[in-house]
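run.cif follows; it contains mmCIF, C-alpha atoms.
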data_query
#
loop_
_atom_site.label_atom_id
_atom_site.label_comp_id
_atom_site.auth_asym_id
_atom_site.auth_seq_id
_atom_site.Cartn_x
_atom_site.Cartn_y
_atom_site.Cartn_z
CA MET I 17 -8.00 -18.23 46.39
CA THR I 18 -6.53 -19.78 49.50
CA GLU I 19 -7.48 -23.39 50.15
CA GLY I 20 -7.83 -25.12 53.51
CA GLU I 21 -10.14 -24.87 56.47
CA ARG I 22 -10.58 -21.40 57.88
CA LYS I 23 -13.22 -20.12 60.22
CA SER I 24 -15.18 -16.99 59.38
CA PRO I 25 -17.58 -15.20 61.73
CA GLY I 26 -21.17 -16.39 61.68
CA ARG I 27 -23.79 -14.39 59.83
CA ARG I 28 -25.36 -13.10 63.04
CA THR I 29 -21.98 -11.80 64.21
CA VAL I 30 -21.44 -9.89 60.98
CA LEU I 31 -25.00 -8.68 60.53
CA GLY I 32 -25.61 -7.66 64.11
CA ALA I 33 -28.98 -7.37 65.82
CA ALA I 34 -30.82 -6.21 62.72
CA GLY I 35 -29.53 -9.18 60.77
CA ALA I 36 -30.50 -11.54 63.56
CA ALA I 37 -34.05 -10.23 63.40
CA VAL I 38 -34.25 -10.90 59.68
CA LEU I 39 -32.76 -14.36 60.05
CA GLY I 40 -35.04 -15.13 62.96
CA THR I 41 -38.05 -14.65 60.71
CA ALA I 42 -36.61 -17.02 58.12
CA ALA I 43 -35.77 -19.58 60.77
CA THR I 44 -39.45 -20.01 61.66
CA GLY I 45 -40.07 -21.42 58.19
CA LEU I 46 -41.89 -18.26 57.07
CA ALA I 47 -40.12 -16.33 54.36
CA ALA I 48 -39.04 -12.84 55.35
CA ALA I 49 -40.60 -10.14 53.20
CA PRO I 50 -38.09 -8.59 50.80
CA ALA I 51 -36.65 -5.31 52.05
CA GLY I 52 -38.57 -2.32 50.79
CA ALA I 53 -41.90 -2.34 49.04
CA ALA I 54 -42.89 -5.73 47.69
CA PRO I 55 -43.45 -5.86 43.94
CA ARG I 56 -47.09 -5.48 43.00
CA HIS I 57 -48.79 -8.59 41.69
CA GLY I 58 -48.61 -8.44 37.92
CA GLY I 59 -46.10 -5.58 37.86
CA GLY I 60 -42.95 -5.52 35.78
CA TYR I 61 -39.33 -5.17 36.82
CA ARG I 62 -39.69 -1.40 37.24
CA ASP I 63 -41.76 -2.16 40.36
CA LEU I 64 -38.87 -3.88 42.13
CA PRO I 65 -37.46 -1.76 45.00
CA VAL I 66 -34.16 -0.15 43.96
CA PRO I 67 -31.59 -1.36 44.70
CA TYR I 68 -32.89 -4.92 44.62
CA VAL I 69 -30.97 -8.07 45.49
CA ILE I 70 -30.36 -10.96 43.09
CA GLY I 71 -29.55 -14.21 44.88
CA HIS I 72 -26.45 -15.35 42.99
CA ARG I 73 -26.84 -19.07 42.13
CA GLY I 74 -29.37 -19.04 44.97
CA THR I 75 -27.43 -18.19 48.10
CA ALA I 76 -24.04 -19.61 47.24
CA GLY I 77 -22.44 -18.15 50.35
CA TYR I 78 -24.39 -20.57 52.53
CA ARG I 79 -25.40 -23.60 50.43
CA PRO I 80 -23.90 -25.49 47.46
CA GLU I 81 -24.79 -23.39 44.44
CA HIS I 82 -27.59 -24.14 42.00
CA THR I 83 -29.48 -26.55 44.22
CA LEU I 84 -33.08 -26.33 45.33
CA GLY I 85 -31.68 -25.90 48.83
CA SER I 86 -29.69 -22.86 47.72
CA TYR I 87 -32.67 -21.35 45.88
CA GLN I 88 -35.00 -21.96 48.81
CA HIS I 89 -32.58 -20.41 51.27
CA ALA I 90 -32.24 -17.32 49.09
CA LEU I 91 -36.01 -17.01 48.98
CA ASP I 92 -36.35 -17.53 52.73
CA LEU I 93 -33.75 -14.83 53.38
CA GLY I 94 -35.78 -12.45 51.22
CA ALA I 95 -33.87 -12.15 47.92
CA HIS I 96 -35.94 -10.22 45.40
CA VAL I 97 -34.69 -12.28 42.44
CA ILE I 98 -33.02 -15.72 42.29
CA GLU I 99 -30.52 -16.74 39.59
CA GLN I 100 -30.05 -19.96 37.62
CA ASP I 101 -27.37 -20.83 35.04
CA LEU I 102 -28.60 -23.18 32.33
CA VAL I 103 -26.74 -25.93 30.46
CA PRO I 104 -28.12 -28.94 28.54
CA THR I 105 -27.93 -32.67 29.04
CA LYS I 106 -27.18 -35.14 26.25
CA ASP I 107 -30.90 -35.69 25.74
CA GLY I 108 -31.72 -31.99 25.60
CA HIS I 109 -32.96 -31.18 29.09
CA LEU I 110 -31.90 -27.88 30.69
CA VAL I 111 -30.25 -28.25 34.08
CA CYS I 112 -28.95 -25.67 36.54
CA ARG I 113 -25.15 -25.63 36.77
CA HIS I 114 -22.73 -22.72 36.62
CA GLU I 115 -20.73 -24.63 34.00
CA ASN I 116 -21.23 -27.70 31.87
CA ASP I 117 -18.07 -29.04 33.56
CA ILE I 118 -19.52 -30.65 36.69
CA SER I 119 -16.26 -31.92 38.19
CA ALA I 120 -16.24 -29.41 41.07
CA THR I 121 -19.97 -29.14 41.73
CA THR I 122 -21.03 -32.81 41.87
CA ASP I 123 -19.69 -36.14 43.15
CA VAL I 124 -19.25 -37.45 39.60
CA SER I 125 -15.61 -38.41 40.26
CA ASP I 126 -16.83 -40.83 42.93
CA HIS I 127 -18.90 -42.79 40.39
CA PRO I 128 -16.74 -45.48 38.76
CA GLU I 129 -19.46 -46.16 36.20
CA PHE I 130 -18.77 -42.69 34.75
CA ALA I 131 -14.97 -42.78 34.84
CA SER I 132 -14.78 -43.21 31.07
CA ARG I 133 -16.82 -40.04 30.54
CA LYS I 134 -13.93 -37.86 31.70
CA ALA I 135 -12.73 -35.85 28.72
CA THR I 136 -10.81 -32.78 27.62
CA LYS I 137 -12.86 -30.26 25.66
CA THR I 138 -12.32 -26.76 24.39
CA VAL I 139 -15.15 -24.50 25.58
CA ASP I 140 -15.04 -20.86 24.48
CA GLY I 141 -11.39 -21.25 23.54
CA VAL I 142 -10.29 -22.81 26.84
CA ALA I 143 -9.22 -26.46 27.20
CA ILE I 144 -10.97 -28.07 30.18
CA THR I 145 -10.61 -31.60 31.51
CA GLY I 146 -13.54 -32.99 33.44
CA TRP I 147 -17.05 -34.37 33.15
CA PHE I 148 -19.61 -32.45 31.09
CA THR I 149 -23.40 -32.31 31.26
CA GLU I 150 -23.75 -32.82 27.52
CA ASP I 151 -22.27 -36.32 27.90
CA PHE I 152 -24.95 -37.44 30.37
CA THR I 153 -28.64 -38.15 29.97
CA LEU I 154 -30.87 -36.52 32.54
CA ALA I 155 -31.50 -39.89 34.18
CA GLU I 156 -27.73 -40.41 34.57
CA LEU I 157 -27.17 -36.89 35.85
CA LYS I 158 -29.87 -37.41 38.46
CA THR I 159 -27.78 -40.19 40.05
CA LEU I 160 -25.20 -37.54 41.05
CA ARG I 161 -25.28 -35.32 44.13
CA ALA I 162 -24.30 -31.67 44.34
CA LYS I 163 -21.43 -30.41 46.46
CA GLU I 164 -19.71 -27.16 47.41
CA ARG I 165 -17.65 -25.75 44.52
CA ILE I 166 -15.03 -23.86 46.59
CA PRO I 167 -14.65 -25.80 49.85
CA GLY I 168 -11.37 -24.07 50.66
CA ASN I 169 -13.21 -20.77 50.97
CA ARG I 170 -16.52 -22.10 52.23
CA GLN I 171 -15.75 -25.16 54.30
CA ARG I 172 -19.00 -24.80 56.25
CA ASN I 173 -20.99 -25.32 53.07
CA THR I 174 -19.55 -28.82 52.76
CA LEU I 175 -21.96 -29.80 55.53
CA TYR I 176 -24.58 -29.93 52.76
CA ASP I 177 -22.56 -31.97 50.26
CA GLY I 178 -24.72 -34.76 48.88
CA ARG I 179 -27.99 -33.37 50.23
CA TRP I 180 -29.43 -32.23 46.89
CA ASP I 181 -29.26 -33.37 43.28
CA VAL I 182 -28.85 -31.29 40.12
CA PRO I 183 -32.18 -29.57 39.43
CA THR I 184 -33.68 -29.12 35.99
CA PHE I 185 -34.85 -25.69 34.93
CA GLU I 186 -38.38 -27.05 34.75
CA GLU I 187 -38.14 -28.22 38.37
CA VAL I 188 -37.11 -24.71 39.35
CA LEU I 189 -40.02 -23.22 37.42
CA ARG I 190 -42.41 -25.58 39.22
CA TRP I 191 -40.76 -24.71 42.53
CA ALA I 192 -41.26 -20.99 41.82
CA GLU I 193 -44.95 -21.61 41.10
CA GLU I 194 -45.37 -23.57 44.34
CA GLN I 195 -43.55 -20.96 46.41
CA GLY I 196 -45.56 -18.20 44.77
CA ARG I 197 -48.79 -19.87 45.84
CA ARG I 198 -47.42 -20.37 49.35
CA LEU I 199 -46.33 -16.77 49.75
CA GLY I 200 -49.07 -15.11 47.73
CA ARG I 201 -46.68 -13.29 45.42
CA ARG I 202 -44.70 -13.82 42.26
CA ILE I 203 -41.22 -15.34 42.51
CA TRP I 204 -38.65 -13.58 40.35
CA LEU I 205 -36.02 -15.62 38.51
CA HIS I 206 -32.89 -14.57 36.58
CA SER I 207 -31.80 -17.27 34.10
CA GLU I 208 -28.58 -17.39 32.08
CA THR I 209 -27.80 -19.22 28.86
CA LYS I 210 -24.28 -20.56 29.36
CA HIS I 211 -21.89 -20.97 26.40
CA PRO I 212 -24.71 -20.74 23.82
CA THR I 213 -22.40 -20.64 20.78
CA TYR I 214 -20.58 -23.76 21.99
CA PHE I 215 -23.82 -25.64 22.56
CA ARG I 216 -25.27 -24.55 19.24
CA GLY I 217 -22.13 -25.93 17.62
CA ILE I 218 -22.68 -29.41 19.08
CA GLY I 219 -26.38 -29.54 18.19
CA LEU I 220 -27.81 -28.50 21.56
CA PRO I 221 -29.01 -24.90 21.06
CA LEU I 222 -30.33 -23.34 24.23
CA GLU I 223 -32.67 -20.53 23.21
CA ASP I 224 -35.60 -22.52 21.80
CA ARG I 225 -35.53 -24.80 24.85
CA VAL I 226 -35.52 -21.85 27.24
CA ALA I 227 -38.31 -20.07 25.37
CA ALA I 228 -40.50 -23.18 25.27
CA LEU I 229 -40.29 -23.59 29.05
CA LEU I 230 -40.93 -19.89 29.65
CA ARG I 231 -44.07 -20.08 27.53
CA ARG I 232 -45.20 -23.25 29.30
CA TYR I 233 -44.94 -21.53 32.68
CA GLY I 234 -46.22 -18.11 31.63
CA ARG I 235 -42.87 -16.34 31.91
CA HIS I 236 -42.65 -15.18 28.30
CA ARG I 237 -44.26 -11.77 28.64
CA ALA I 238 -42.75 -8.33 29.19
CA ASP I 239 -44.28 -8.14 32.68
CA SER I 240 -43.29 -11.68 33.70
CA PRO I 241 -41.32 -12.07 36.96
CA GLN I 242 -38.33 -13.22 34.98
CA PHE I 243 -35.04 -11.93 33.61
CA LEU I 244 -32.93 -13.62 30.95
CA GLU I 245 -29.17 -13.10 30.77
CA SER I 246 -26.17 -14.12 28.71
CA PHE I 247 -22.57 -13.12 28.13
CA GLU I 248 -23.25 -13.57 24.41
CA PRO I 249 -25.33 -10.74 22.92
CA SER I 250 -26.48 -12.94 20.03
CA SER I 251 -28.14 -15.30 22.51
CA ILE I 252 -30.15 -12.42 23.98
CA GLN I 253 -31.05 -11.29 20.46
CA ARG I 254 -32.33 -14.79 19.64
CA LEU I 255 -34.33 -14.92 22.86
CA SER I 256 -35.81 -11.47 22.22
CA ARG I 257 -37.29 -12.79 18.97
CA LEU I 258 -38.86 -15.76 20.79
CA VAL I 259 -40.22 -14.19 23.99
CA ASP I 260 -40.86 -10.73 25.45
CA THR I 261 -39.20 -11.58 28.76
CA PRO I 262 -36.90 -8.78 30.02
CA SER I 263 -33.26 -9.53 29.25
CA VAL I 264 -29.82 -8.44 30.37
CA VAL I 265 -26.52 -8.58 28.47
CA LEU I 266 -23.72 -9.65 30.81
CA LEU I 267 -20.39 -7.88 30.36
CA SER I 268 -17.05 -9.33 31.41
CA ASN I 269 -13.80 -7.48 32.07
CA ALA I 270 -12.64 -4.46 30.08
CA GLY I 271 -10.80 -5.41 26.93
CA THR I 272 -12.40 -8.85 26.59
CA ARG I 273 -14.65 -9.98 23.74
CA PRO I 274 -17.86 -12.00 23.98
CA TRP I 275 -17.26 -15.47 22.60
CA ASP I 276 -19.90 -15.10 19.90
CA PHE I 277 -18.02 -11.99 18.72
CA VAL I 278 -14.81 -14.01 18.52
CA VAL I 279 -16.48 -16.77 16.52
CA GLY I 280 -18.39 -14.35 14.30
CA GLY I 281 -15.47 -12.02 13.64
CA ASP I 282 -17.00 -9.02 15.39
CA PRO I 283 -13.99 -6.90 16.47
CA ARG I 284 -15.81 -5.07 19.28
CA THR I 285 -14.74 -5.54 22.87
CA VAL I 286 -16.50 -4.87 26.16
CA ASP I 287 -14.96 -1.38 26.01
CA ASP I 288 -16.99 -0.74 22.85
CA LEU I 289 -20.16 -2.14 24.38
CA VAL I 290 -20.01 0.14 27.43
CA ALA I 291 -19.46 3.20 25.25
CA PRO I 292 -22.60 5.22 24.35
CA ALA I 293 -22.86 3.67 20.87
CA GLY I 294 -22.57 0.17 22.29
CA LEU I 295 -25.17 0.84 24.96
CA LYS I 296 -27.53 2.22 22.32
CA TRP I 297 -27.10 -1.01 20.35
CA ILE I 298 -27.79 -3.16 23.42
CA ALA I 299 -30.89 -1.09 24.23
CA SER I 300 -32.31 -1.97 20.82
CA TYR I 301 -33.00 -5.55 21.96
CA ALA I 302 -32.36 -5.78 25.75
CA GLN I 303 -33.56 -4.03 28.88
CA GLY I 304 -30.35 -4.01 30.85
CA ILE I 305 -26.70 -4.87 31.29
CA GLY I 306 -24.94 -7.00 33.91
CA PRO I 307 -21.41 -5.62 34.11
CA THR I 308 -18.67 -6.85 36.37
CA LEU I 309 -18.35 -4.53 39.37
CA ASP I 310 -14.95 -3.45 38.03
CA LEU I 311 -16.71 -1.77 35.12
CA ILE I 312 -18.64 0.32 37.66
CA ILE I 313 -15.63 1.18 39.84
CA PRO I 314 -12.22 -0.01 38.60
CA LYS I 315 -9.52 -1.18 41.01
CA ASP I 316 -5.90 -0.12 41.07
CA ALA I 317 -2.92 -2.49 41.13
CA SER I 318 -3.32 -3.00 44.89
CA GLY I 319 -6.95 -4.00 44.53
CA ARG I 320 -8.33 -0.77 45.98
CA LEU I 321 -11.25 1.05 44.39
CA THR I 322 -10.59 4.08 42.22
CA LYS I 323 -13.00 6.60 40.69
CA PRO I 324 -16.37 5.37 39.36
CA THR I 325 -16.78 5.30 35.61
CA THR I 326 -19.68 6.96 33.80
CA LEU I 327 -21.25 3.58 32.96
CA VAL I 328 -24.24 3.91 35.31
CA ARG I 329 -25.11 7.34 34.00
CA ASP I 330 -24.56 6.35 30.37
CA ALA I 331 -26.62 3.15 30.64
CA HIS I 332 -29.49 4.92 32.37
CA ALA I 333 -29.44 7.56 29.64
CA ARG I 334 -30.25 4.74 27.21
CA GLY I 335 -33.01 3.38 29.44
CA LEU I 336 -30.97 0.37 30.53
CA ILE I 337 -30.99 -1.06 34.06
CA LEU I 338 -27.76 -2.31 35.65
CA HIS I 339 -27.33 -5.67 37.42
CA PRO I 340 -23.58 -5.79 38.29
CA TYR I 341 -21.92 -8.90 39.73
CA THR I 342 -20.87 -10.29 42.25
CA MET I 343 -20.78 -9.22 45.89
CA ARG I 344 -19.46 -11.74 48.42
CA ASN I 345 -18.74 -11.27 52.13
CA GLU I 346 -15.33 -12.93 52.34
CA ASN I 347 -12.14 -10.82 52.35
CA THR I 348 -10.71 -12.64 49.36
CA PHE I 349 -13.58 -11.44 47.15
CA LEU I 350 -13.83 -7.86 48.45
CA PRO I 351 -11.93 -4.79 47.24
CA ALA I 352 -8.81 -4.26 49.35
CA ASP I 353 -10.40 -1.18 50.94
CA PHE I 354 -12.91 -3.39 52.75
CA ARG I 355 -10.81 -6.38 53.81
CA ARG I 356 -10.46 -6.86 57.54
CA GLY I 357 -7.72 -8.92 59.20
CA THR I 358 -5.45 -11.44 57.55
CA ASP I 359 -7.78 -14.41 57.06
CA PRO I 360 -8.84 -14.36 53.39
CA ASN I 361 -11.96 -16.39 54.18
CA ALA I 362 -13.13 -14.28 57.12
CA TYR I 363 -15.83 -11.71 56.47
CA GLY I 364 -14.68 -8.19 55.66
CA ASP I 365 -16.58 -4.91 55.67
CA ALA I 366 -19.18 -6.03 53.15
CA PHE I 367 -21.58 -3.30 54.26
CA GLY I 368 -19.01 -0.63 53.41
CA ALA I 369 -18.53 -2.15 49.97
CA PHE I 370 -22.27 -2.29 49.36
CA ARG I 371 -22.66 1.38 50.34
CA THR I 372 -19.96 2.36 47.89
CA TYR I 373 -21.43 0.42 44.97
CA PHE I 374 -25.04 1.43 45.71
CA ALA I 375 -23.97 5.10 45.75
CA THR I 376 -23.15 4.83 42.03
CA GLY I 377 -26.87 4.41 41.25
CA ILE I 378 -26.92 0.75 40.21
CA ASP I 379 -30.39 -0.81 40.08
CA ALA I 380 -29.51 -4.15 41.66
CA VAL I 381 -26.61 -6.39 42.58
CA PHE I 382 -25.84 -10.09 42.43
CA SER I 383 -24.83 -11.34 45.86
CA ASP I 384 -23.82 -14.70 47.32
CA ASN I 385 -25.09 -13.47 50.71
CA ALA I 386 -28.65 -12.26 50.22
CA ASP I 387 -29.22 -11.35 53.86
CA THR I 388 -26.21 -9.01 53.97
CA ALA I 389 -27.20 -7.45 50.66
CA LEU I 390 -30.81 -6.94 51.77
CA LEU I 391 -29.80 -5.15 54.95
CA ALA I 392 -27.34 -2.99 53.00
CA ALA I 393 -30.02 -2.14 50.44
CA ALA I 394 -32.53 -1.26 53.16
CA ASP I 395 -29.93 0.96 54.83
CA PHE I 396 -29.24 2.69 51.53
CA ARG I 397 -32.90 3.31 50.77
CA GLY I 398 -33.44 4.69 54.27
CA ARG I 399 -30.37 6.93 54.36
#
For the structure just supplied, provide its representation as structure tokens.
Amino acid sequence: MTEGERKSPGRRTVLGAAGAAVLGTAATGLAAAPAGAAPRHGGGYRDLPVPYVIGHRGTAGYRPEHTLGSYQHALDLGAHVIEQDLVPTKDGHLVCRHENDISATTDVSDHPEFASRKATKTVDGVAITGWFTEDFTLAELKTLRAKERIPGNRQRNTLYDGRWDVPTFEEVLRWAEEQGRRLGRRIWLHSETKHPTYFRGIGLPLEDRVAALLRRYGRHRADSPQFLESFEPSSIQRLSRLVDTPSVVLLSNAGTRPWDFVVGGDPRTVDDLVAPAGLKWIASYAQGIGPTLDLIIPKDASGRLTKPTTLVRDAHARGLILHPYTMRNENTFLPADFRRGTDPNAYGDAFGAFRTYFATGIDAVFSDNADTALLAAADFRGR
């Protein structure tokens, strides 16, 4: 990724008149209705309009990720589902951060009182030097402020650095309740257990904590407006024994192994899990998969898309939904086919990329830019 300040076109320029109309509704302070039919009150995930849009870490393309500001903006733009990543504090509270290393997403390095907390740890086999949530109490973590994780790509997001703190999962659950009452509908969340084997190994298991909060807020049933997700199948299996909440097994790149497989000696790779036998096994305890987009349509050596795999068809044959990740508007994150110009941080032809991925039959997509994704989904449904 290229660092440094670069200007990209504004959202209204990229989205055009239709996008401006959607954003104009949000700007009034009234949330725009999600594209397509709104989910019926009390309905399950099968009632979501396909393809539906999952606000990745809120709306990370426009606000520092995993903040209440990012979640609120995703909701205001109309995202059907909003994602949180969950890691624990030293005293066992669940907070929303993409990683337990908070060096890039908070101002912790500006706090001299926490200088001695900097450490090198091995997480899922990778040595990382930084500051980690498990070394802070919640009260200490709340003294920090969130900031943009990739300022070189998203310099405009730095405008919001310091505006919000690190939210707890319970704060997000309360926020979803409040917004649901305001809007008169259920607010869908998509919550990931991060590094569950690592945290279990240091005495901070995630699953019981997640399940307890889901039960407290009525999100533990099969028809709850809630998805659970993890890159470790064993975490989803544990959660499935605690709650009936729909769950999704996340799948990384071809040839890789989930970390719980590495620790447990399971020789299977992602290639095995996307094969019919692997999908049948996943369907025995989960409702869906969240593959990287490259597992849907691989890229060649130049970064251009090739022929779609049979994964969508094979997963649907096992009754599994697909939530692939992640669509972003900037050239640097798009397949080479859809990059425009030479500025890696300018917006490319995101709509063309969405059309191509939606045509494979995926049920939803994670996107950093919910407004773009919603317009693309509406176009696809109305084709």
Expected answer as a compact mmCIF listing (two decimals) with C-alpha atoms, keeping the file's coordinate frame: all residues with atoms within 12 Å of (-19.2, -34.0, 53.9), only C-alpha atoms:
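To be explicit, this is the file written out as out.txt:
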# COMPACT_ATOMS: atom_id res chain seq x y z
CA PRO I 80 -23.90 -25.49 47.46
CA ASP I 123 -19.69 -36.14 43.15
CA ARG I 161 -25.28 -35.32 44.13
CA ALA I 162 -24.30 -31.67 44.34
CA LYS I 163 -21.43 -30.41 46.46
CA GLU I 164 -19.71 -27.16 47.41
CA PRO I 167 -14.65 -25.80 49.85
CA GLN I 171 -15.75 -25.16 54.30
CA ARG I 172 -19.00 -24.80 56.25
CA ASN I 173 -20.99 -25.32 53.07
CA THR I 174 -19.55 -28.82 52.76
CA LEU I 175 -21.96 -29.80 55.53
CA TYR I 176 -24.58 -29.93 52.76
CA ASP I 177 -22.56 -31.97 50.26
CA GLY I 178 -24.72 -34.76 48.88
CA ARG I 179 -27.99 -33.37 50.23
Quiz prompt | Residues matched by the PyMOL selection byres ((chain I and resi 275-292) around 9) as number ranges by chain | solution = I: 140-141, 211-214, 247-251, 267-274, 293-298, 307, 311, 327, 330-331, 333-334
Exercise. Convert the output of the PyMOL selection byres ((chain I and resi 134) around 10) on the shown file into explicit residues, formatted as number ranges by chain.
Key: I: 117, 119, 124-125, 130-133, 135-137, 145-148, 151
Self-check item: Between CA of Gly77 (chain I) and CA of Cys112 (chain I), distance in Å (one decimal)
Solution: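 These two atoms are separated by 17.0 Å.
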Practice problem: Would you mind reading off the distance between CA of Asp387 (chain I) and CA of Leu244 (chain I), one decimal, in Å? | Solution: 23.3 Å
